[in-house]
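Novice: Here you go, final_32.txt (compact mmCIF, C-alpha atoms):
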```txt
# COMPACT_ATOMS: atom_id res chain seq x y z
CA MET Q 1 10.16 4.15 16.33
CA THR Q 2 6.65 5.05 15.22
CA LEU Q 3 5.67 3.56 11.88
CA ARG Q 4 4.89 6.29 9.33
CA ILE Q 5 1.96 5.46 7.05
CA ALA Q 6 0.53 7.20 3.99
CA ILE Q 7 -3.09 6.33 3.27
CA GLY Q 8 -5.22 7.18 0.27
CA ALA Q 9 -8.38 6.21 -1.52
CA ASP Q 10 -10.73 7.12 -4.30
CA HIS Q 11 -14.47 7.77 -3.89
CA ALA Q 12 -15.17 4.02 -3.64
CA GLY Q 13 -12.76 3.59 -0.74
CA TYR Q 14 -12.77 6.84 1.20
CA SER Q 15 -15.13 5.57 3.91
CA TYR Q 16 -12.78 2.75 4.96
CA LYS Q 17 -9.78 5.03 4.53
CA ASP Q 18 -11.23 7.60 6.91
CA ARG Q 19 -12.09 4.97 9.51
CA LEU Q 20 -8.76 3.17 9.26
CA ALA Q 21 -6.74 6.40 9.37
CA ALA Q 22 -8.50 7.54 12.55
CA GLU Q 23 -8.05 4.14 14.20
CA LEU Q 24 -4.38 3.98 13.27
CA ARG Q 25 -3.78 7.45 14.70
CA ASP Q 26 -5.53 6.36 17.90
CA ARG Q 27 -3.11 3.42 18.08
CA GLY Q 28 -0.11 5.74 17.83
CA TYR Q 29 0.82 5.49 14.16
CA ASP Q 30 1.98 8.58 12.27
CA VAL Q 31 -0.64 8.73 9.50
CA THR Q 32 -0.59 11.02 6.46
CA ASP Q 33 -4.02 11.07 4.79
CA LEU Q 34 -3.65 11.92 1.10
CA GLY Q 35 -7.38 11.88 0.30
CA THR Q 36 -9.92 11.74 -1.13
CA HIS Q 37 -12.35 12.88 1.52
CA GLY Q 38 -15.80 12.38 0.04
CA PRO Q 39 -18.06 10.43 -2.29
CA GLU Q 40 -17.57 12.67 -5.33
CA SER Q 41 -16.13 10.72 -8.24
CA VAL Q 42 -12.35 11.08 -8.53
CA ASP Q 43 -9.63 9.26 -10.45
CA TYR Q 44 -7.91 6.55 -8.41
CA PRO Q 45 -4.49 6.94 -10.11
CA ASP Q 46 -4.07 10.39 -8.53
CA PHE Q 47 -4.33 9.02 -4.99
CA ALA Q 48 -2.47 5.78 -5.64
CA ALA Q 49 0.46 7.66 -7.15
CA ALA Q 50 0.54 10.11 -4.24
CA VAL Q 51 0.80 7.30 -1.68
CA ALA Q 52 3.29 5.29 -3.77
CA GLU Q 53 5.54 8.32 -4.27
CA ARG Q 54 5.64 8.95 -0.51
CA VAL Q 55 6.63 5.32 0.09
CA ALA Q 56 9.23 5.25 -2.68
CA GLY Q 57 10.67 8.56 -1.53
CA GLY Q 58 11.12 7.34 2.04
CA ASP Q 59 8.77 9.95 3.49
CA VAL Q 60 6.75 7.10 5.02
CA ASP Q 61 7.46 3.47 5.87
CA ARG Q 62 4.33 1.90 4.39
CA GLY Q 63 1.29 2.79 2.33
CA ILE Q 64 -2.35 1.75 2.42
CA LEU Q 65 -4.69 2.25 -0.53
CA VAL Q 66 -8.41 1.58 -0.75
CA CYS Q 67 -10.63 1.68 -3.82
CA GLY Q 68 -13.65 -0.35 -4.87
CA SER Q 69 -11.79 -3.54 -5.82
CA ALA Q 70 -8.13 -2.71 -4.96
CA VAL Q 71 -7.02 -3.57 -8.48
CA GLY Q 72 -6.73 -0.08 -9.96
CA VAL Q 73 -4.78 1.38 -7.06
CA CYS Q 74 -2.48 -1.65 -7.02
CA VAL Q 75 -1.72 -1.40 -10.72
CA THR Q 76 -0.98 2.30 -10.38
CA ALA Q 77 1.15 2.01 -7.24
CA ASN Q 78 3.30 -0.68 -8.83
CA LYS Q 79 4.26 1.71 -11.63
CA VAL Q 80 6.32 3.73 -9.14
CA PRO Q 81 9.88 2.34 -8.90
CA GLY Q 82 10.61 0.92 -5.48
CA VAL Q 83 6.99 0.19 -4.65
CA ARG Q 84 5.84 -3.37 -4.08
CA ALA Q 85 2.07 -3.19 -3.73
CA GLY Q 86 -0.24 -6.14 -3.24
CA VAL Q 87 -3.97 -6.73 -3.15
CA CYS Q 88 -4.79 -8.43 0.14
CA HIS Q 89 -8.26 -9.31 1.35
CA GLU Q 90 -7.15 -11.74 4.05
CA THR Q 91 -4.46 -11.74 6.71
CA TYR Q 92 -2.12 -14.43 5.40
CA SER Q 93 -1.22 -12.55 2.21
CA ALA Q 94 -0.94 -9.28 4.13
CA HIS Q 95 1.81 -10.55 6.42
CA GLN Q 96 3.43 -13.00 4.01
CA GLY Q 97 3.72 -10.28 1.36
CA VAL Q 98 5.80 -8.23 3.77
CA GLU Q 99 7.79 -11.14 5.24
CA HIS Q 100 8.77 -12.75 1.92
CA ASP Q 101 8.38 -10.03 -0.72
CA ASP Q 102 9.05 -6.82 1.23
CA MET Q 103 5.61 -5.52 0.22
CA ASN Q 104 5.37 -1.87 1.22
CA VAL Q 105 1.89 -0.88 0.00
CA LEU Q 106 -1.31 -2.67 0.98
CA CYS Q 107 -4.28 -2.41 -1.40
CA MET Q 108 -7.82 -3.30 -0.36
CA GLY Q 109 -11.26 -3.11 -1.95
CA GLU Q 110 -14.04 -1.55 0.10
CA ARG Q 111 -16.60 -3.29 -2.12
CA VAL Q 112 -14.88 -6.64 -1.55
CA ILE Q 113 -14.35 -7.02 2.21
CA GLY Q 114 -16.05 -5.87 5.38
CA ILE Q 115 -14.51 -3.31 7.70
CA GLU Q 116 -13.68 -5.86 10.41
CA VAL Q 117 -11.69 -7.96 7.96
CA ALA Q 118 -10.05 -4.80 6.61
CA ARG Q 119 -8.94 -3.91 10.16
CA GLU Q 120 -7.43 -7.38 10.61
CA VAL Q 121 -5.67 -7.21 7.24
CA VAL Q 122 -4.18 -3.81 8.10
CA ALA Q 123 -3.00 -5.09 11.49
CA SER Q 124 -1.39 -8.11 9.83
CA PHE Q 125 0.34 -5.92 7.23
CA LEU Q 126 1.62 -3.38 9.75
CA GLY Q 127 2.69 -6.04 12.25
CA ALA Q 128 4.86 -7.91 9.75
CA THR Q 129 8.53 -7.38 9.02
CA TYR Q 130 10.61 -8.44 6.06
CA HIS Q 131 12.78 -11.53 6.62
CA PRO Q 132 16.04 -10.92 4.70
CA GLU Q 133 16.76 -14.61 4.18
CA GLU Q 134 18.95 -15.53 1.23
CA ARG Q 135 16.08 -16.94 -0.86
CA PHE Q 136 13.92 -13.84 -0.32
CA GLU Q 137 16.83 -11.50 -1.04
CA ARG Q 138 17.62 -13.41 -4.24
CA ARG Q 139 14.02 -13.14 -5.41
CA LEU Q 140 13.73 -9.48 -4.46
CA ASP Q 141 16.94 -8.76 -6.37
CA LYS Q 142 15.32 -10.35 -9.43
CA VAL Q 143 12.23 -8.19 -8.99
CA ARG Q 144 14.44 -5.11 -8.81
CA ALA Q 145 16.29 -6.24 -11.94
CA VAL Q 146 13.01 -6.53 -13.85
CA GLU Q 147 12.01 -3.08 -12.63
CA ALA Q 148 15.36 -1.59 -13.68
CA ARG Q 149 15.16 -3.24 -17.10
CA TYR Q 150 11.90 -1.47 -17.89
CA MET Q 151 12.55 1.91 -16.31
CA ARG Q 152 12.91 4.74 -18.80
CA SER Q 153 15.57 7.38 -18.52
CA PRO Q 154 14.43 11.02 -18.35
CA SER Q 155 15.61 11.52 -21.96
CA ASP Q 156 13.25 8.84 -23.34
```
If you took the structure in this file and wrote it as structure tokens, what would it be?

Specialist:
Amino acid sequence: MTLRIAIGADHAGYSYKDRLAAELRDRGYDVTDLGTHGPESVDYPDFAAAVAERVAGGDVDRGILVCGSAVGVCVTANKVPGVRAGVCHETYSAHQGVEHDDMNVLCMGERVIGIEVAREVVASFLGATYHPEERFERRLDKVRAVEARYMRSPSD
């Protein structure tokens, strides 16, 4: 099965996003590019939410977000129920976040790491699989419980 990926960025991350999306397509991934596509200033929450919603809705398997630092897109993506986004600027966290925490959205900062490291981080993230061991399942259940406790109903 081909891994389906949604990718998005703001103006501070679009250059890496464009390069990574093209390279992932060349490697056979099914990539949905949700923008932005240029250096004009845009608001990162718009793109982070679009990617996170695709992941949470099951339209894609994983998401990748790039902004200047990775912090803003990570904060936004984690507001969407079912999304577990992490800032990763090295390979260990990128694969361990998937293996132990079932991380489904990778966030990187174009102003923080070079493109070669970004490529390696993406490869580590996409190459990892969640290990449903009892201790990881127990912890993930607790994360879901926290999320459920703070979700608002539509009538709120």

Novice: Excluding Arg135 of chain Q and residues on its chain fewer than 5 positions from it, collect all residues at most 10 Å away from it, counting all atoms listed in the file, and give them as a list in words.

Specialist: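 Result of the neighbour search: His100, Leu140 and Asp141 of chain Q.
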
Novice: Show which residues sit within 7 Å of segment 63-79 of chain Q, as a PyMOL selection string. Count only C-alpha atoms, and ignore same-chain residues fewer than 4 positions away.

Specialist: chain Q and resi 5-10+12-13+17+44-45+48-49+51-52+55+83-87+104-112

Novice: Which residue, Q:Asp33, Q:Val60, Q:Pro81, Q:Glu40, has the smallest gap to Arg149 of chain Q when you use only C-alpha atoms?

Specialist: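 The answer is Q:Pro81, which sits nearest to Arg149 of chain Q.
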
Novice: Name all residues at most 6 Å from segment 27-29 of chain Q (count only C-alpha atoms; drop same-chain ones fewer than 2 positions away) and give them as a list in words.

Specialist: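 Surrounding residues, per the criterion: Thr2, Leu3, Leu24, Arg25 and Val31 of chain Q.
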
Novice: If you measure from atom CA of Tyr130 of chain Q to atom CA of His95 of chain Q, what distance in Å do you get, rounded to one decimal?

Specialist: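 So the two atoms, atom CA of Tyr130 of chain Q and atom CA of His95 of chain Q, lie 9.1 Å apart.
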
Novice: In terms of the shortest atom-to-atom distance over only C-alpha atoms, which of Q:Ser41, Q:Leu20, Q:Val121, Q:Glu147 is closest to Ser93 of chain Q?

Specialist: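 Of Q:Ser41, Q:Leu20, Q:Val121, Q:Glu147, the one nearest Ser93 of chain Q, counting only C-alpha atoms, is Q:Val121.
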
Novice: Tell me which of Q:His11, Q:Arg139, Q:Arg62, Q:His89 sits closest to Val42 of chain Q, counting all atoms listed in the file.

Specialist: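 Residue with the minimum atom-to-atom distance to Val42 of chain Q: Q:His11.
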
Novice: Which is closer to Ser124 of chain Q than all the others in Q:Val98, Q:Gly58, Q:Tyr150, Q:Asp26, using only C-alpha atoms?

Specialist: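 Among Q:Val98, Q:Gly58, Q:Tyr150, Q:Asp26, it is Q:Val98 that comes nearest to Ser124 of chain Q.
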
Novice: Can you measure atom CA of Glu120 of chain Q to atom CA of Arg144 of chain Q for me? One decimal in Å is fine.

Specialist: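 Separation of atom CA of Glu120 of chain Q and atom CA of Arg144 of chain Q: 29.3 Å.
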
Novice: Would you mind listing what lies within 7 Å of His131 of chain Q as number ranges by chain, with all atoms listed in the file counted and same-chain residues fewer than 2 positions away left out?

Specialist: Q: 99-100, 129, 133

Novice: Those selected residues, please, written with C-alpha atoms and delivered as a PDB file, in the coordinates of the input.

Specialist:
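Generated output (again_28.pdb):
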```
ATOM      1  CA  GLU Q  99       7.790 -11.140   5.240  1.00  0.00           C
ATOM      2  CA  HIS Q 100       8.770 -12.750   1.920  1.00  0.00           C
ATOM      3  CA  THR Q 129       8.530  -7.380   9.020  1.00  0.00           C
ATOM      4  CA  GLU Q 133      16.760 -14.610   4.180  1.00  0.00           C
TER       5      GLU Q 133
END
```

Novice: So how far away is atom CA of Glu137 of chain Q from atom CA of Gln96 of chain Q, in Å?

Specialist: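 Taking atom CA of Gln96 of chain Q as the start and atom CA of Glu137 of chain Q as the end point, the length is 14.4 Å.
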
Novice: Quick one: segment 69-87 of chain Q with N, CA and C atoms, as a PDB file, in the coordinates of the input?

Specialist:
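Contents of the output file part-v1.pdb:
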```pdb
ATOM      1  N   SER Q  69     -12.246  -2.144  -5.720  1.00  0.00           N
ATOM      2  CA  SER Q  69     -11.790  -3.540  -5.820  1.00  0.00           C
ATOM      3  C   SER Q  69     -10.367  -3.747  -5.334  1.00  0.00           C
ATOM      4  N   ALA Q  70      -9.564  -2.712  -5.285  1.00  0.00           N
ATOM      5  CA  ALA Q  70      -8.130  -2.710  -4.960  1.00  0.00           C
ATOM      6  C   ALA Q  70      -7.262  -2.872  -6.194  1.00  0.00           C
ATOM      7  N   VAL Q  71      -7.813  -3.279  -7.297  1.00  0.00           N
ATOM      8  CA  VAL Q  71      -7.020  -3.570  -8.480  1.00  0.00           C
ATOM      9  C   VAL Q  71      -6.423  -2.302  -9.090  1.00  0.00           C
ATOM     10  N   GLY Q  72      -7.225  -1.296  -9.313  1.00  0.00           N
ATOM     11  CA  GLY Q  72      -6.730  -0.080  -9.960  1.00  0.00           C
ATOM     12  C   GLY Q  72      -5.626   0.595  -9.178  1.00  0.00           C
ATOM     13  N   VAL Q  73      -5.819   0.734  -7.858  1.00  0.00           N
ATOM     14  CA  VAL Q  73      -4.780   1.380  -7.060  1.00  0.00           C
ATOM     15  C   VAL Q  73      -3.510   0.540  -7.013  1.00  0.00           C
ATOM     16  N   CYS Q  74      -3.655  -0.772  -7.031  1.00  0.00           N
ATOM     17  CA  CYS Q  74      -2.480  -1.650  -7.020  1.00  0.00           C
ATOM     18  C   CYS Q  74      -1.699  -1.529  -8.318  1.00  0.00           C
ATOM     19  N   VAL Q  75      -2.388  -1.548  -9.424  1.00  0.00           N
ATOM     20  CA  VAL Q  75      -1.720  -1.400 -10.720  1.00  0.00           C
ATOM     21  C   VAL Q  75      -0.959  -0.082 -10.769  1.00  0.00           C
ATOM     22  N   THR Q  76      -1.611   0.984 -10.348  1.00  0.00           N
ATOM     23  CA  THR Q  76      -0.980   2.300 -10.380  1.00  0.00           C
ATOM     24  C   THR Q  76       0.229   2.360  -9.444  1.00  0.00           C
ATOM     25  N   ALA Q  77       0.067   1.931  -8.214  1.00  0.00           N
ATOM     26  CA  ALA Q  77       1.150   2.010  -7.240  1.00  0.00           C
ATOM     27  C   ALA Q  77       2.384   1.247  -7.718  1.00  0.00           C
ATOM     28  N   ASN Q  78       2.177   0.116  -8.364  1.00  0.00           N
ATOM     29  CA  ASN Q  78       3.300  -0.680  -8.830  1.00  0.00           C
ATOM     30  C   ASN Q  78       4.040  -0.077 -10.017  1.00  0.00           C
ATOM     31  N   LYS Q  79       3.544   0.991 -10.572  1.00  0.00           N
ATOM     32  CA  LYS Q  79       4.260   1.710 -11.630  1.00  0.00           C
ATOM     33  C   LYS Q  79       5.368   2.596 -11.066  1.00  0.00           C
ATOM     34  N   VAL Q  80       5.326   2.869  -9.770  1.00  0.00           N
ATOM     35  CA  VAL Q  80       6.320   3.730  -9.140  1.00  0.00           C
ATOM     36  C   VAL Q  80       7.513   2.860  -8.722  1.00  0.00           C
ATOM     37  N   PRO Q  81       8.701   3.150  -9.255  1.00  0.00           N
ATOM     38  CA  PRO Q  81       9.880   2.340  -8.900  1.00  0.00           C
ATOM     39  C   PRO Q  81      10.105   2.304  -7.393  1.00  0.00           C
ATOM     40  N   GLY Q  82      10.364   1.105  -6.906  1.00  0.00           N
ATOM     41  CA  GLY Q  82      10.610   0.920  -5.480  1.00  0.00           C
ATOM     42  C   GLY Q  82       9.374   0.511  -4.695  1.00  0.00           C
ATOM     43  N   VAL Q  83       8.228   0.566  -5.323  1.00  0.00           N
ATOM     44  CA  VAL Q  83       6.990   0.190  -4.650  1.00  0.00           C
ATOM     45  C   VAL Q  83       6.683  -1.269  -4.978  1.00  0.00           C
ATOM     46  N   ARG Q  84       6.279  -1.986  -3.945  1.00  0.00           N
ATOM     47  CA  ARG Q  84       5.840  -3.370  -4.080  1.00  0.00           C
ATOM     48  C   ARG Q  84       4.465  -3.449  -3.423  1.00  0.00           C
ATOM     49  N   ALA Q  85       3.443  -3.224  -4.225  1.00  0.00           N
ATOM     50  CA  ALA Q  85       2.070  -3.190  -3.730  1.00  0.00           C
ATOM     51  C   ALA Q  85       1.396  -4.530  -3.991  1.00  0.00           C
ATOM     52  N   GLY Q  86       0.506  -4.904  -3.084  1.00  0.00           N
ATOM     53  CA  GLY Q  86      -0.240  -6.140  -3.240  1.00  0.00           C
ATOM     54  C   GLY Q  86      -1.681  -5.979  -2.817  1.00  0.00           C
ATOM     55  N   VAL Q  87      -2.565  -6.672  -3.534  1.00  0.00           N
ATOM     56  CA  VAL Q  87      -3.970  -6.730  -3.150  1.00  0.00           C
ATOM     57  C   VAL Q  87      -4.100  -7.831  -2.104  1.00  0.00           C
TER      58      VAL Q  87
END
```
